[in-house]
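S.K.: One structure follows; several queries about it will come next.
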Amino acid sequence: MLCLQVGLAQVGRPVRRLLDVSCGGGDLLAEAARIVPEVVGVDPVAVAVAAARQRLTGGPRCRVDELSMEQLADPAGQTLGTFDLAIMHLVFGLVENPLAGLLAVADRLSEGGLFYATDLLRPAAFNADPHVAVAFRPANSDEHAYLVDQVAASFSWDELIALGQAVERCAPVRVEVRAGGLGGFDIASGQARRLVAARAQHMIPLLRRFEDDGAPEGAGPPPYEVMWHLYLRRLT
């Protein structure tokens, strides 16, 4: 997954322990387990936890617990220890208490550790059906309906900025919010090129999947142009 590679490139140090927040069936965990010494996933849904556990075969270096994002602050979450990198992909809009969730994740980061979340950006003047049709090019009506729900549940730019400021007032962290591009950086920028260079072997094949492969003219930007990216770093 591209978000995993962006997170690994941005953390700025070797990642020994990785946390996947709301890990679902374990797709990202399985990929991370091939390159990170120890991976842990949490998800509030028992069926997802069971699927992730069945998929992972890394023994004691892979663990999945039934916990919500907010429950990372509870005693059960605290037993997981701290992490160099935590990632959340396309599910932040489903968190019941986003501020509590971010503070809980911040508490699970080691000093200098990074939490990287990405999700669909809800436009300020949001009209779901035409926005989804142009921005995401859904393949069918079911996919269109799913994306409408996802964008409606997500955050606008102003909401994300306000949320980041609230977290900074409550915890020793620095929060940066960006939109579009690669990890929030224009795809042609020097920062985006540095991200690619840091993880070239893994990232270049993923980026090629987003290239225009025959979409009709005027179909809109590729999916990574309509995402928000939140970086929360634990201060030392």
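FYI, nothing fancy with the structure tokens labels: chains A, B, ... in order, residues from 1 per chain, ligands from 1 as they appear.
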Which residues come within 7 Å of A:Val15, counting only C-alpha atoms, excluding same-chain residues fewer than 2 positions away, as a VMD selection string?

M.R.: chain A and resid 13 17 to 18 36 84 to 85

S.K.: Output C-alpha atoms of each residue in that selection to a file, as an mmCIF file, in the first residue's frame.

M.R.:
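Result saved to out33.cif:
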data_model
loop_
_atom_site.group_PDB
_atom_site.id
_atom_site.type_symbol
_atom_site.label_atom_id
_atom_site.label_comp_id
_atom_site.auth_asym_id
_atom_site.auth_seq_id
_atom_site.Cartn_x
_atom_site.Cartn_y
_atom_site.Cartn_z
ATOM 1 C CA ARG A 13 14.510 6.551 11.191
ATOM 2 C CA ARG A 17 7.637 -1.488 15.650
ATOM 3 C CA LEU A 18 4.623 -0.511 13.535
ATOM 4 C CA VAL A 36 9.234 -4.317 9.669
ATOM 5 C CA ASP A 84 8.078 4.163 15.803
ATOM 6 C CA LEU A 85 5.278 4.426 13.243
#

S.K.: Have a look at A:Asn140, A:Ala145, A:Gln78, A:Ile35 and name the one nearest to A:Gln5; count only C-alpha atoms.

M.R.: A:Ile35

S.K.: So, with only C-alpha atoms as the atoms that count, which of A:Glu168, A:Gly190, A:Asp65, A:Glu70 lies closest to A:Phe92?

M.R.: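 Closest to A:Phe92, using only C-alpha atoms: A:Glu70.
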
S.K.: Would you kindly return, as a PyMOL selection string, each protein, DNA or RNA residue with an atom no farther than 10 Å from any atom of stretch 171-186 of chain A, considering only C-alpha atoms and excluding same-chain residues fewer than 2 positions away?

M.R.: chain A and resi 2-3+5-7+9-10+102-104+106-107+109+111-121+157+160-161+163-169+188-193+195-196+207+221-236

S.K.: One decimal, in Å: what's the spacing between atom CA of A:Ile87 and atom CA of A:Ala139?

M.R.: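 Calculated distance between atom CA of A:Ile87 and atom CA of A:Ala139 is 27.4 Å.
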
S.K.: If you measure from atom CA of A:Ala152 to atom CA of A:Leu94, what distance in Å do you get, rounded to one decimal?

M.R.: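 Result for atom CA of A:Ala152 versus atom CA of A:Leu94: 10.6 Å, one decimal.
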
S.K.: Would you return as a list in words the members of stretch 42-74 of chain A that DSSP assigns to helix (DSSP H, G or I) on this structure's backbone?

M.R.: Ala46, Val47, Ala48, Val49, Ala50, Ala51, Ala52, Arg53, Gln54, Arg55, Gly59, Pro60, Arg61, Glu70, Gln71, Leu72 and Ala73 of chain A

S.K.: Go through A:Leu72, A:Val151, A:Ala197, A:Met203 one by one, measure the shortest atom-to-atom distance of each to A:Val91 using only C-alpha atoms, and give the residue with the smallest value.

M.R.: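 Selected residue with least distance to A:Val91: A:Val151.
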